[in-house]
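Contents: one structure, followed by commentary.
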Amino acid sequence: MNVSVDLTSRESIPSWLAYGAPIFTIVAALVVTSIPLLWEDLSPLDVYTELFVGTLSDVAGISDVLRIALPLFLAGLAVYIPLKAGIWNIGAEGQIFVGATVCAYIGLNVQLPSYALILLMMVAGGFVAGLYGAIPGYLRAKHDVNEIISSLMLTFAATTFLGYLLRGPMQGSGGQTATESLPDRAELPTQFPLVGEIHPRLHVGVVLLGIAVAVTYILMTKTRLGYEITFIGANPEAAIQAGISKYRIYIISFFFGGFLAGLAGVAEISGVYGRLFEDFSPGYGFTAIAVALLGRNGPFRVLLAALFFGLLRAGGTTVSVSFQVPSALVDIIVALVILFLLAAEFLKQYRISVDLERESEPETSPGTEEPV
Amino acid sequence: MSLLSGIAESTVRLATPLLLAAMGEVVAERSGVLNLGVEGMMLSGALVGFAATAVTGSAVIGFFAGVIAGMSLALVHAFLCVSLKADQVISGIMITLLGTSLTTYFGQSWTGENIDGFSTIAIPALSEIPVIGKALFAITILDYLALLLVPVVWYLLFRTNIGAEIFAVGEDPETADTAGVSVFRIQYACVLIGGAFAGAGGAQLSLAFTKFWTSEMTTGIGWIAVALVIFAQWQIWRVVVGAYLFAAIDALSIRSQGSVDGQLLGQEVLTDLVNFLINPQVMETYPYIATILVLWYVMRQGNLNELGAPRAMLQSYSREQD
């Protein structure tokens with residue numbers, strides 16, 4: 001008896017799968033994460049209730065979710081925009097570091113009134129990170145250098161170079177590998193216009209969540225540039241035939257990506273920590289890849305994904321304190337969610353049928369019955 | 001003299017985990033599967049190897065436990081990328097995240113413990129040779145093993161049928177499949193070998209190098225291994241040279257005072273530049289920058305063959321379509 005497994009490409013994704021897949025991945029990830037929790041003699045149910053319900057039940061928790069979702073969202077867009085052009089920006093983490101470094105440098109060295117200073121930090125931080133991000137775009141466009149590898153390498157170049165800056169030129173007093181604290185005027189305020197302070201940990205930078213989603217939506221759907229980016233991503237040959245410059249689009253989409261990731265770095269330093277130190281980002285730039293993958297159908301989806309991972313990380317931090325588990329628990333959940341998501345992608349793309357009786361057929365040579 | 005032999009000694013010891021991990025990565029990538037999970041696999045090899053040694057008292061058992069730990073994560077990667085045709089980049093990065101977070105989580109109780117681990121084996125007479133004697137002939141069995149594996153892996157890849165099949169799969173899985181090569185089996189095997197080597201590299205770190213466990217103790221060696229494979233353009237011998245080169249940079253940077261006294265050629269600017277370039281932290285960026293430069297230089301010639309990258313890397317293969 002022959003057992004054969006058949007894979008057929010799906011022509012369309014059934015709606016139960018489209019909506020079920022994300023839920024399935026989250027549930028599966030939480031089930032597997034129960035193992036390390038049970039190892040520590042904890043009830044997974046208690047921990048998860050605290051993580052999700054507990055976090056969302058007070059202003060402090062919701063503020064944390066928004067605060068953490070901000071860098072995740074900006075860095076997620078940094079992956080999303082080049083992805084729409086068909087190229088991978090794996091280097092958002094490095095671009096966050098560049099933006100943060102520029103932000104700290106300007107904050108410590110430039111004398112300007114608060115609003116002007118913060119604006120300058122954002123524009124300059126984003127711009128320099130954008131240029132840094134544009135390097136893989138340029139190398140890909142000009143010399144066909146794999147952008148995945150170059151953007152990844154540039155990330156590690158940036159993170160190790162920050163180690164140099166913090167032990168050398170930018171090191172503050174006190175011998176720590178950190179800069180001096182930024183002056184108050186360089187810090188994003190927590191007083192919102194009209195509303196006032198919502199929570200001491202929630203800085204006004206979170207309005208960027210709304211601004212960035214709107215700008216990206218308009219850019220991608222309403223402008224010629226957005227149209228060209230999507231065209232290149234969907235069908236590079238046809239797009240080039242139509243006179244769109246691959247060179248220009250690759251560099252611009254990577255620049256935009258780097259700019260947004262740089263803004264994330266600025267928001268973290270100026271809004272959250274108030275100074276620059278080595279491990280300020282718990283891998284936001286890498287989680288951002290997952291954010292973009294989950295949300296690749298549009299900027300609003302990216303925002304939803306960022307909020308979800310923001311909730312996981314905010315709740316995970318609370319849980320690790322109250323249940324005394326290592327905070328690495330959050331990263332375990334994040335990694336598992338995405339690994340299960342990859343598995344679910346497969347179910348979306350292929351229909352699997354297992355046939356127990358079928359006789360084995362001679363292999364037809366590939367390419368002869370290519371679906372049109 | 002003692003400074004030189006000190007640098008030579010640490011170069012060899014620092015090179016071992018890098019060499020092991022990079023050799024495994026060459027095998028995996030040769031079959032067309034990029035494995036960005038090396039760092040996570042090394043960490044799991046380091047922790048599981050350490051814990052198994054502490055529990056059983058045998059470093060050998062610990063070492064094999066570390067190898068198996070590396071392979072288990074590799075199995076996840078292979079299942080996702082080969083069977084489920086998932087994106088290799090995302091899967092790899094998430095496996096590194098999973099390996100890092102799992103080892104941080106479970107490793108907490110092992111921090112601060114000590115083990116005997118592997119001790120150095122000094123070959124009489126040879127180890128007395130000045131400068132390179134201690135570096136090459138007074139090392140642990142794992143360092144010898146890594147060096148022995150170089151010709152083995154080279155032979156496997158370049159002189160056997162299996163090696164030819166691995167190449168065929170990495171270059172053009174469709175043709176390989178038509179010729180009767182099992183693409184899935186080859187890719188699974190290569191990814192698992194990659195995981196085993198990464199696990200071995202991690203185990204070397206905790207069992208022979210530091211002899212203690214600390215979270216994230218690989219400090220990016222897995223990523224340097226990924227860089228090294230590209231830097232070496234997927235050639236085993238170049239991987240060896242690169243591993244020692246990168247390890248020497250590392251060994252130098254640990255000892256470097258990070259400054260040159262006096263003026264170089266009477267030029268203050270030049271002195272500053274040299275001081276900047278030999279700063280230990282600045283030197284840490286060299287492997288990554290060198291890798292980009294190599295990629296850029298080779299691709300600028302416009303010859304993909306010269307680069308030596310497996311043509312079908314990052315593409316998942318399925319029989320039924322395109």
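Identifiers in the structure tokens: chain A, B, ... in order shown; residue index from 1 per chain; ligand index from 1 in order shown.
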Pull the closest atom pair for each residue of chain B that gets at most 9 Å from chain A, along with the distance in Å to one decimal, counting only C-alpha atoms, ordering rows by chain and then ascending residue number, as CSV.
```
residue,atom,partner,partner_atom,distance
B:Val76,CA,A:Leu339,CA,8.9
B:Leu80,CA,A:Ala343,CA,6.5
B:Leu84,CA,A:Phe346,CA,5.7
B:Lys85,CA,A:Phe346,CA,7.1
B:Ala86,CA,A:Leu342,CA,5.8
B:Asp87,CA,A:Leu342,CA,7.5
B:Val89,CA,A:Ile148,CA,8.1
B:Ile90,CA,A:Ile289,CA,7.4
B:Ser91,CA,A:Leu339,CA,6.4
B:Ile93,CA,A:Phe286,CA,7.6
B:Met94,CA,A:Ala335,CA,5.2
B:Ile95,CA,A:Ala335,CA,7.0
B:Thr96,CA,A:Ala335,CA,8.6
B:Leu97,CA,A:Ala335,CA,6.0
B:Leu98,CA,A:Ala335,CA,5.3
B:Gly99,CA,A:Ile332,CA,8.4
B:Thr100,CA,A:Ala328,CA,8.3
B:Ser101,CA,A:Ala328,CA,5.0
B:Leu102,CA,A:Ile332,CA,6.3
B:Thr103,CA,A:Ala328,CA,8.8
B:Thr104,CA,A:Ala328,CA,6.3
B:Tyr105,CA,A:Pro326,CA,5.6
B:Phe106,CA,A:Pro36,CA,7.9
B:Gln108,CA,A:Pro326,CA,8.0
B:Glu174,CA,A:Pro366,CA,7.3
B:Thr175,CA,A:Pro366,CA,8.9
B:Thr178,CA,A:Ser365,CA,6.9
B:Gly220,CA,A:Phe156,CA,8.7
B:Trp223,CA,A:Phe156,CA,8.3
B:Ile224,CA,A:Met153,CA,9.0
B:Ala227,CA,A:Met153,CA,7.3
B:Ile230,CA,A:Ile149,CA,8.8
B:Asn279,CA,A:Tyr164,CA,7.9
B:Pro280,CA,A:Tyr164,CA,7.9
B:Gln281,CA,A:Tyr164,CA,4.8
B:Val282,CA,A:Tyr164,CA,5.9
B:Met283,CA,A:Phe161,CA,8.9
B:Glu284,CA,A:Thr160,CA,6.4
B:Thr285,CA,A:Ala157,CA,4.9
B:Tyr286,CA,A:Ala157,CA,7.8
B:Pro287,CA,A:Ala157,CA,8.5
B:Tyr288,CA,A:Met153,CA,5.1
B:Ile289,CA,A:Ala157,CA,6.7
B:Thr291,CA,A:Met153,CA,7.6
B:Ile292,CA,A:Ser150,CA,5.9
B:Leu295,CA,A:Val145,CA,6.5
B:Trp296,CA,A:Val145,CA,6.3
B:Met299,CA,A:His143,CA,5.8
B:Arg300,CA,A:His143,CA,5.5
B:Gln301,CA,A:His143,CA,8.6
B:Gly302,CA,A:His143,CA,7.2
B:Ser318,CA,A:Leu7,CA,8.9
B:Arg319,CA,A:Pro366,CA,7.0
B:Glu320,CA,A:Pro366,CA,7.1
B:Gln321,CA,A:Glu370,CA,6.1
B:Asp322,CA,A:Glu370,CA,6.3
```
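If you count only C-alpha atoms and ignore residues fewer than 6 places along the chain from range 69-72 of chain A, what sits within 6 Å of it is Ala264, Tyr284, Ala288, Ala306, Leu307 and Gly310 of chain A.
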Checklist entry - Could you write out, as a ChimeraX atom specification, all the residues of range 108-228 of chain B that DSSP marks as helix (DSSP H, G or I)? => result /B:108-110,126-128,133-137,141-159,161-171,173-178,183-209,221-228
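Between Phe73 in chain A and the candidates A:Arg313, A:Lys246, A:Arg301, A:Arg185, the tightest atom-to-atom separation, counting only C-alpha atoms, involves A:Arg301.
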Item to check | Spatial neighbours of range 136-148 of chain B, max dist 7 Å, only C-alpha atoms, sep filter under 5 positions, as number ranges by chain | outcome: B: 13, 16, 20, 118-123, 126-127, 204, 208
Residue subset to file, keeping C-alpha atoms, as a CSV table (one decimal), in the first residue's frame:
```csv
chain,number,residue,atom,x,y,z
B,13,ARG,CA,40.9,28.6,21.0
B,16,THR,CA,37.4,26.6,17.2
B,20,LEU,CA,32.9,24.5,13.7
B,118,PHE,CA,37.8,19.3,28.8
B,119,SER,CA,41.5,19.8,29.8
B,120,THR,CA,44.3,20.6,27.4
B,121,ILE,CA,46.3,17.8,26.0
B,122,ALA,CA,50.0,18.8,25.5
B,123,ILE,CA,51.9,16.8,23.0
B,126,LEU,CA,56.0,19.7,19.9
B,127,SER,CA,54.3,21.9,22.5
B,204,GLN,CA,33.3,23.8,23.0
B,208,ALA,CA,36.5,23.7,27.0
```
Next on the checklist: From a backbone DSSP assignment, name each residue in range 8-189 of chain B labelled strand (DSSP E), as a PyMOL selection string.
Outcome noted: chain B and resi 121-122+138-139
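Take CA of Leu188 in chain A and CA of Leu208 in chain A: the distance between them is 12.1 Å.
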Next on the checklist: For range 118-127 of chain A, find every residue with an atom within 6 Å (counting only C-alpha atoms), except residues of its own chain fewer than 2 positions away, and show them as a PyMOL selection string.
Outcome noted: chain A and resi 99+102-103+115-116+129-130+186+259+262-263
Dump as a CSV table (one decimal), in the first residue's frame, selection limited to C-alpha atoms:
```
chain,number,residue,atom,x,y,z
A,99,GLY,CA,18.8,56.8,14.9
A,102,VAL,CA,22.2,60.5,16.4
A,103,CYS,CA,19.4,61.4,18.8
A,115,TYR,CA,10.3,71.6,20.5
A,116,ALA,CA,12.9,72.6,17.9
A,129,ALA,CA,19.3,56.0,9.8
A,130,GLY,CA,17.7,56.3,6.4
A,186,ALA,CA,15.7,66.9,24.8
A,259,PHE,CA,14.0,56.7,8.4
A,262,GLY,CA,15.6,55.6,13.1
A,263,LEU,CA,12.6,57.4,14.4
```
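When CA of Gly66 in chain B is paired with CA of Ser206 in chain B, their separation reads 9.8 Å.
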Checklist entry - By how many Å are CA of Pro200 in chain A and CA of Leu66 in chain A apart? => result 12.8 Å
Next on the checklist: Set the distance at 9 Å and use only C-alpha atoms: which residues neighbour Asp250 in chain B once local chain neighbours fewer than 3 positions away are removed? I'd like the list as a list of chain:residue names.
Outcome noted: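 Counting only the stated atoms, we get B:Ser10, B:Thr11, B:Leu14, B:Leu245, B:Phe246, B:Ala247, B:Ser253, B:Ile254, B:Arg255, B:Pro280, B:Met283, B:Glu284.
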Those same residues - N, CA and C atoms - I'd like them written as a CSV table (one decimal), in the first residue's frame.
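Result saved to out-v2.csv:
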```csv
chain,number,residue,atom,x,y,z
B,10,SER,N,45.3,32.1,22.1
B,10,SER,CA,43.9,32.5,22.2
B,10,SER,C,43.2,32.5,20.8
B,11,THR,N,44.1,32.8,19.8
B,11,THR,CA,43.5,32.7,18.4
B,11,THR,C,43.0,31.3,18.1
B,14,LEU,N,39.8,30.6,20.2
B,14,LEU,CA,38.7,31.4,19.8
B,14,LEU,C,38.2,30.9,18.5
B,245,LEU,N,41.6,34.2,10.9
B,245,LEU,CA,41.8,35.6,10.7
B,245,LEU,C,40.9,36.4,11.7
B,246,PHE,N,39.6,36.0,11.7
B,246,PHE,CA,38.6,36.7,12.6
B,246,PHE,C,39.0,36.5,14.1
B,247,ALA,N,39.4,35.2,14.4
B,247,ALA,CA,39.8,34.9,15.7
B,247,ALA,C,41.0,35.7,16.2
B,253,SER,N,42.3,42.2,19.7
B,253,SER,CA,41.6,43.3,20.2
B,253,SER,C,41.4,43.1,21.7
B,254,ILE,N,41.4,41.9,22.2
B,254,ILE,CA,41.4,41.7,23.7
B,254,ILE,C,42.6,42.2,24.3
B,255,ARG,N,43.8,42.0,23.7
B,255,ARG,CA,45.0,42.5,24.2
B,255,ARG,C,45.4,43.9,23.8
B,280,PRO,N,39.8,48.1,20.3
B,280,PRO,CA,39.2,46.8,20.4
B,280,PRO,C,37.7,46.8,19.9
B,283,MET,N,37.5,47.2,16.2
B,283,MET,CA,37.9,45.9,15.5
B,283,MET,C,36.8,44.9,15.5
B,284,GLU,N,35.9,44.9,16.4
B,284,GLU,CA,34.8,44.0,16.5
B,284,GLU,C,33.9,44.1,15.3
```
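For the choices A:Gly196, A:Gly243, A:Gly175, A:Pro44, the atom-to-atom distance to Phe323 in chain A is smallest for A:Pro44 when using only C-alpha atoms.
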